[in-house]
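Input: a single structure, listed below in structure tokens.
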Amino acid sequence: MATIAPISDLRNYGTVLDKVQKGQPVYLTRNGRGAYSIRDMKDEENFQKAEAMIQLLCEINAGIRSAEEEGWISEEDFRAHFKNRRKERK
């Protein structure tokens with residue numbers, strides 16, 4: 001369960017940080033509205049992995065849409081493209 005605290009509680013930040021646990025972020029409010037969150041580093045790592053996965057899935061979907069609109073390429077053309085790119089980098 002997340003903890004909600006006013007940002008003024010950061011004057012004594014040790015007590016705020018003590019409330020942060022894995023899976024239980026602390027949300028800080030300013031004038032009664034959400035302003036910041038403090039979370040465990042493991043939660044942060046998982047959040048970043050999830051963001052990367054979402055971005056990858058979006059790119060894959062864009063590629064599939066493009067292939068459906070413009071046509072798919074053959075496996076041979078695919079392999080040749082990446083072999084040429086590898087040669088260009090050397």
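Identifiers for the structure tokens are assigned positionally: chains receive A, B, ... in sequence, residues are indexed from 1 per chain, and ligands are indexed from 1 in the order shown.
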
Residue neighbourhood Ala35 of chain A, 12 Å, only C-alpha atoms, exclusion window fewer than 5 positions, as a compact mmCIF listing (two decimals) with N, CA, C and O atoms, in the first residue's frame:
```
# COMPACT_ATOMS: atom_id res chain seq x y z
N ILE A 4 0.91 8.31 1.41
CA ILE A 4 0.77 9.67 0.89
C ILE A 4 1.15 10.62 2.01
O ILE A 4 0.68 10.49 3.14
N ALA A 5 2.03 11.57 1.69
CA ALA A 5 2.50 12.52 2.70
C ALA A 5 2.67 13.89 2.05
O ALA A 5 3.00 13.98 0.87
N PRO A 6 2.48 14.95 2.82
CA PRO A 6 2.73 16.29 2.26
C PRO A 6 4.22 16.50 2.08
O PRO A 6 5.04 15.95 2.82
N ILE A 7 4.57 17.30 1.09
CA ILE A 7 5.98 17.55 0.79
C ILE A 7 6.70 18.21 1.97
O ILE A 7 7.90 18.05 2.14
N SER A 8 5.95 18.87 2.83
CA SER A 8 6.56 19.51 4.00
C SER A 8 7.17 18.48 4.95
O SER A 8 8.05 18.81 5.74
N VAL A 26 6.25 6.14 -1.55
CA VAL A 26 5.68 7.27 -0.82
C VAL A 26 5.38 8.34 -1.85
O VAL A 26 6.25 8.73 -2.63
N TYR A 27 4.14 8.80 -1.88
CA TYR A 27 3.74 9.87 -2.78
C TYR A 27 3.69 11.17 -2.00
O TYR A 27 3.05 11.25 -0.95
N LEU A 28 4.40 12.17 -2.50
CA LEU A 28 4.43 13.47 -1.85
C LEU A 28 3.46 14.42 -2.54
O LEU A 28 3.40 14.46 -3.77
N THR A 29 2.73 15.15 -1.74
CA THR A 29 1.75 16.08 -2.30
C THR A 29 2.17 17.52 -2.04
O THR A 29 2.88 17.82 -1.09
N ARG A 30 1.74 18.38 -2.93
CA ARG A 30 1.94 19.82 -2.78
C ARG A 30 0.57 20.46 -2.98
O ARG A 30 -0.06 20.24 -4.02
```

For Gly63 of chain A, please output as an mmCIF file with N, CA, C and O atoms, in the first residue's frame all residues within 10 Å (counting only C-alpha atoms; exclusion window: fewer than 6 positions along the same chain).
```
data_model
loop_
_atom_site.group_PDB
_atom_site.id
_atom_site.type_symbol
_atom_site.label_atom_id
_atom_site.label_comp_id
_atom_site.auth_asym_id
_atom_site.auth_seq_id
_atom_site.Cartn_x
_atom_site.Cartn_y
_atom_site.Cartn_z
ATOM 1 N N LEU A 57 7.816 -2.951 -27.746
ATOM 2 C CA LEU A 57 6.570 -3.444 -28.333
ATOM 3 C C LEU A 57 5.962 -2.440 -29.297
ATOM 4 O O LEU A 57 5.404 -2.824 -30.337
ATOM 5 N N GLU A 69 1.394 -2.673 -44.704
ATOM 6 C CA GLU A 69 1.029 -1.628 -45.666
ATOM 7 C C GLU A 69 1.933 -1.638 -46.890
ATOM 8 O O GLU A 69 1.464 -1.455 -48.011
ATOM 9 N N TRP A 72 5.880 -7.307 -47.077
ATOM 10 C CA TRP A 72 6.941 -7.986 -46.337
ATOM 11 C C TRP A 72 8.128 -8.218 -47.255
ATOM 12 O O TRP A 72 7.987 -8.295 -48.469
#
```

Secondary structure check, strand (DSSP E) residues of chain A, as a compact mmCIF listing (two decimals) with all heavy atoms, in the first residue's frame:
```
# COMPACT_ATOMS: atom_id res chain seq x y z
N THR A 3 2.07 5.12 0.55
CA THR A 3 1.91 6.12 1.60
C THR A 3 1.81 7.48 0.94
O THR A 3 2.57 7.79 0.02
CB THR A 3 3.12 6.09 2.56
OG1 THR A 3 3.23 4.77 3.11
CG2 THR A 3 2.97 7.08 3.67
N ILE A 4 0.91 8.31 1.41
CA ILE A 4 0.77 9.67 0.89
C ILE A 4 1.15 10.62 2.01
O ILE A 4 0.68 10.49 3.14
CB ILE A 4 -0.67 9.94 0.42
CG1 ILE A 4 -1.02 8.95 -0.70
CG2 ILE A 4 -0.84 11.38 -0.04
CD1 ILE A 4 -2.46 9.00 -1.14
N ALA A 5 2.03 11.57 1.69
CA ALA A 5 2.50 12.52 2.70
C ALA A 5 2.67 13.89 2.05
O ALA A 5 3.00 13.98 0.87
CB ALA A 5 3.84 12.05 3.28
N PRO A 6 2.48 14.95 2.82
CA PRO A 6 2.73 16.29 2.26
C PRO A 6 4.22 16.50 2.08
O PRO A 6 5.04 15.95 2.82
CB PRO A 6 2.15 17.23 3.32
CG PRO A 6 2.15 16.44 4.57
CD PRO A 6 1.98 15.00 4.19
N VAL A 26 6.25 6.14 -1.55
CA VAL A 26 5.68 7.27 -0.82
C VAL A 26 5.38 8.34 -1.85
O VAL A 26 6.25 8.73 -2.63
CB VAL A 26 6.65 7.81 0.26
CG1 VAL A 26 6.12 9.08 0.88
CG2 VAL A 26 6.90 6.76 1.33
N TYR A 27 4.14 8.80 -1.88
CA TYR A 27 3.74 9.87 -2.78
C TYR A 27 3.69 11.17 -2.00
O TYR A 27 3.05 11.25 -0.95
CB TYR A 27 2.37 9.58 -3.41
CG TYR A 27 2.39 8.36 -4.29
CD1 TYR A 27 1.76 7.19 -3.91
CD2 TYR A 27 3.07 8.38 -5.51
CE1 TYR A 27 1.79 6.07 -4.72
CE2 TYR A 27 3.10 7.27 -6.33
CZ TYR A 27 2.46 6.11 -5.93
OH TYR A 27 2.49 5.01 -6.74
N LEU A 28 4.40 12.17 -2.50
CA LEU A 28 4.43 13.47 -1.85
C LEU A 28 3.46 14.42 -2.54
O LEU A 28 3.40 14.46 -3.77
CB LEU A 28 5.85 14.04 -1.88
CG LEU A 28 6.92 13.18 -1.20
CD1 LEU A 28 8.30 13.76 -1.46
CD2 LEU A 28 6.66 13.06 0.28
N THR A 29 2.73 15.15 -1.74
CA THR A 29 1.75 16.08 -2.30
C THR A 29 2.17 17.52 -2.04
O THR A 29 2.88 17.82 -1.09
CB THR A 29 0.36 15.85 -1.67
OG1 THR A 29 0.44 16.10 -0.26
CG2 THR A 29 -0.13 14.45 -1.91
N ARG A 30 1.74 18.38 -2.93
CA ARG A 30 1.94 19.82 -2.78
C ARG A 30 0.57 20.46 -2.98
O ARG A 30 -0.06 20.24 -4.02
CB ARG A 30 2.94 20.34 -3.80
CG ARG A 30 3.11 21.85 -3.74
CD ARG A 30 4.12 22.34 -4.76
NE ARG A 30 5.46 22.05 -4.25
CZ ARG A 30 6.54 21.91 -5.00
NH1 ARG A 30 6.44 22.02 -6.30
NH2 ARG A 30 7.70 21.67 -4.47
N ARG A 33 -2.20 18.05 -4.02
CA ARG A 33 -2.10 17.34 -5.30
C ARG A 33 -0.79 16.59 -5.38
O ARG A 33 0.23 17.04 -4.87
CB ARG A 33 -2.18 18.33 -6.47
CG ARG A 33 -3.50 19.07 -6.52
CD ARG A 33 -3.51 20.03 -7.69
NE ARG A 33 -4.75 20.77 -7.71
CZ ARG A 33 -5.73 20.52 -8.54
NH1 ARG A 33 -5.62 19.56 -9.43
NH2 ARG A 33 -6.83 21.23 -8.51
N GLY A 34 -0.82 15.45 -6.04
CA GLY A 34 0.38 14.65 -6.21
C GLY A 34 1.48 15.43 -6.91
O GLY A 34 1.24 16.08 -7.91
N ALA A 35 2.69 15.36 -6.35
CA ALA A 35 3.81 16.10 -6.94
C ALA A 35 5.01 15.19 -7.24
O ALA A 35 5.63 15.31 -8.29
CB ALA A 35 4.24 17.24 -6.02
N TYR A 36 5.33 14.27 -6.32
CA TYR A 36 6.53 13.44 -6.46
C TYR A 36 6.26 12.06 -5.90
O TYR A 36 5.33 11.86 -5.12
CB TYR A 36 7.71 14.04 -5.70
CG TYR A 36 8.04 15.45 -6.12
CD1 TYR A 36 7.59 16.53 -5.37
CD2 TYR A 36 8.77 15.70 -7.26
CE1 TYR A 36 7.88 17.83 -5.75
CE2 TYR A 36 9.05 17.00 -7.65
CZ TYR A 36 8.61 18.06 -6.89
OH TYR A 36 8.88 19.34 -7.27
N SER A 37 7.10 11.12 -6.27
CA SER A 37 7.05 9.80 -5.64
C SER A 37 8.47 9.39 -5.27
O SER A 37 9.43 9.74 -5.96
CB SER A 37 6.41 8.77 -6.57
OG SER A 37 7.25 8.49 -7.66
N ILE A 38 8.56 8.66 -4.20
CA ILE A 38 9.84 8.10 -3.76
C ILE A 38 9.62 6.60 -3.70
O ILE A 38 8.70 6.12 -3.05
CB ILE A 38 10.25 8.63 -2.37
CG1 ILE A 38 10.34 10.15 -2.37
CG2 ILE A 38 11.60 8.01 -1.97
CD1 ILE A 38 10.57 10.74 -1.00
```

Pairwise distance for atom CA of Gln21 of chain A and atom CA of Leu56 of chain A, rounded to one decimal in Å: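 So the answer is 29.0 Å.
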
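Atom pair atom CA of Gln55 of chain A / atom CA of Ser74 of chain A: separated by 25.7 Å.
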
Members of chain A assigned helix (DSSP H, G or I) by DSSP, as a PyMOL selection string: chain A and resi 7-19+41-70+75-89

Interatomic distance (Å, one decimal) between atom CA of Lys49 of chain A and atom CA of Ala62 of chain A: 20.0 Å

Spatial neighbours of Arg39 of chain A, 12 Å, only C-alpha atoms, chain gap at least 4 places, as a PyMOL selection string: chain A and resi 2-3+16-28+43-47

Since we have the selection now, will you write its residues out, keeping N, CA and C atoms, as a PDB file, in the first residue's frame?
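Contents of selection.pdb, freshly written:
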```
ATOM      1  N   ALA A   2       0.618   2.153  -0.854  1.00  0.00           N
ATOM      2  CA  ALA A   2       1.399   3.382  -0.956  1.00  0.00           C
ATOM      3  C   ALA A   2       1.082   4.310   0.215  1.00  0.00           C
ATOM      4  N   THR A   3       2.067   5.124   0.553  1.00  0.00           N
ATOM      5  CA  THR A   3       1.907   6.120   1.600  1.00  0.00           C
ATOM      6  C   THR A   3       1.812   7.480   0.943  1.00  0.00           C
ATOM      7  N   VAL A  16      10.406  10.066   6.351  1.00  0.00           N
ATOM      8  CA  VAL A  16       9.750   9.795   5.063  1.00  0.00           C
ATOM      9  C   VAL A  16      10.422   8.600   4.390  1.00  0.00           C
ATOM     10  N   LEU A  17      11.757   8.582   4.403  1.00  0.00           N
ATOM     11  CA  LEU A  17      12.488   7.486   3.760  1.00  0.00           C
ATOM     12  C   LEU A  17      12.259   6.165   4.477  1.00  0.00           C
ATOM     13  N   ASP A  18      12.031   6.201   5.762  1.00  0.00           N
ATOM     14  CA  ASP A  18      11.750   4.974   6.504  1.00  0.00           C
ATOM     15  C   ASP A  18      10.437   4.341   6.053  1.00  0.00           C
ATOM     16  N   LYS A  19       9.550   5.120   5.507  1.00  0.00           N
ATOM     17  CA  LYS A  19       8.246   4.615   5.051  1.00  0.00           C
ATOM     18  C   LYS A  19       8.336   3.923   3.692  1.00  0.00           C
ATOM     19  N   VAL A  20       9.417   4.182   2.948  1.00  0.00           N
ATOM     20  CA  VAL A  20       9.577   3.603   1.612  1.00  0.00           C
ATOM     21  C   VAL A  20      10.009   2.147   1.745  1.00  0.00           C
ATOM     22  N   GLN A  21       9.257   1.264   1.106  1.00  0.00           N
ATOM     23  CA  GLN A  21       9.598  -0.153   1.072  1.00  0.00           C
ATOM     24  C   GLN A  21       9.354  -0.670  -0.335  1.00  0.00           C
ATOM     25  N   LYS A  22       9.914  -1.844  -0.615  1.00  0.00           N
ATOM     26  CA  LYS A  22       9.711  -2.426  -1.934  1.00  0.00           C
ATOM     27  C   LYS A  22       8.221  -2.632  -2.166  1.00  0.00           C
ATOM     28  N   GLY A  23       7.713  -2.105  -3.247  1.00  0.00           N
ATOM     29  CA  GLY A  23       6.310  -2.224  -3.584  1.00  0.00           C
ATOM     30  C   GLY A  23       5.410  -1.245  -2.847  1.00  0.00           C
ATOM     31  N   GLN A  24       6.014  -0.365  -2.045  1.00  0.00           N
ATOM     32  CA  GLN A  24       5.229   0.609  -1.284  1.00  0.00           C
ATOM     33  C   GLN A  24       5.878   1.986  -1.380  1.00  0.00           C
ATOM     34  N   PRO A  25       5.638   2.678  -2.481  1.00  0.00           N
ATOM     35  CA  PRO A  25       6.231   4.011  -2.638  1.00  0.00           C
ATOM     36  C   PRO A  25       5.571   5.022  -1.711  1.00  0.00           C
ATOM     37  N   VAL A  26       6.252   6.141  -1.547  1.00  0.00           N
ATOM     38  CA  VAL A  26       5.684   7.272  -0.817  1.00  0.00           C
ATOM     39  C   VAL A  26       5.385   8.344  -1.853  1.00  0.00           C
ATOM     40  N   TYR A  27       4.139   8.802  -1.880  1.00  0.00           N
ATOM     41  CA  TYR A  27       3.740   9.873  -2.783  1.00  0.00           C
ATOM     42  C   TYR A  27       3.695  11.168  -1.996  1.00  0.00           C
ATOM     43  N   LEU A  28       4.397  12.170  -2.502  1.00  0.00           N
ATOM     44  CA  LEU A  28       4.431  13.472  -1.846  1.00  0.00           C
ATOM     45  C   LEU A  28       3.462  14.417  -2.542  1.00  0.00           C
ATOM     46  N   ASP A  43      12.109  -1.299  -7.292  1.00  0.00           N
ATOM     47  CA  ASP A  43      10.897  -0.873  -7.991  1.00  0.00           C
ATOM     48  C   ASP A  43      11.242   0.030  -9.160  1.00  0.00           C
ATOM     49  N   GLU A  44      12.220   0.903  -8.980  1.00  0.00           N
ATOM     50  CA  GLU A  44      12.645   1.805 -10.056  1.00  0.00           C
ATOM     51  C   GLU A  44      13.211   1.011 -11.231  1.00  0.00           C
ATOM     52  N   GLU A  45      14.047   0.000 -10.927  1.00  0.00           N
ATOM     53  CA  GLU A  45      14.613  -0.837 -11.987  1.00  0.00           C
ATOM     54  C   GLU A  45      13.500  -1.554 -12.753  1.00  0.00           C
ATOM     55  N   ASN A  46      12.530  -2.091 -12.028  1.00  0.00           N
ATOM     56  CA  ASN A  46      11.409  -2.767 -12.686  1.00  0.00           C
ATOM     57  C   ASN A  46      10.603  -1.794 -13.538  1.00  0.00           C
ATOM     58  N   PHE A  47      10.427  -0.575 -13.053  1.00  0.00           N
ATOM     59  CA  PHE A  47       9.705   0.452 -13.799  1.00  0.00           C
ATOM     60  C   PHE A  47      10.442   0.766 -15.105  1.00  0.00           C
TER      61      PHE A  47
END
```
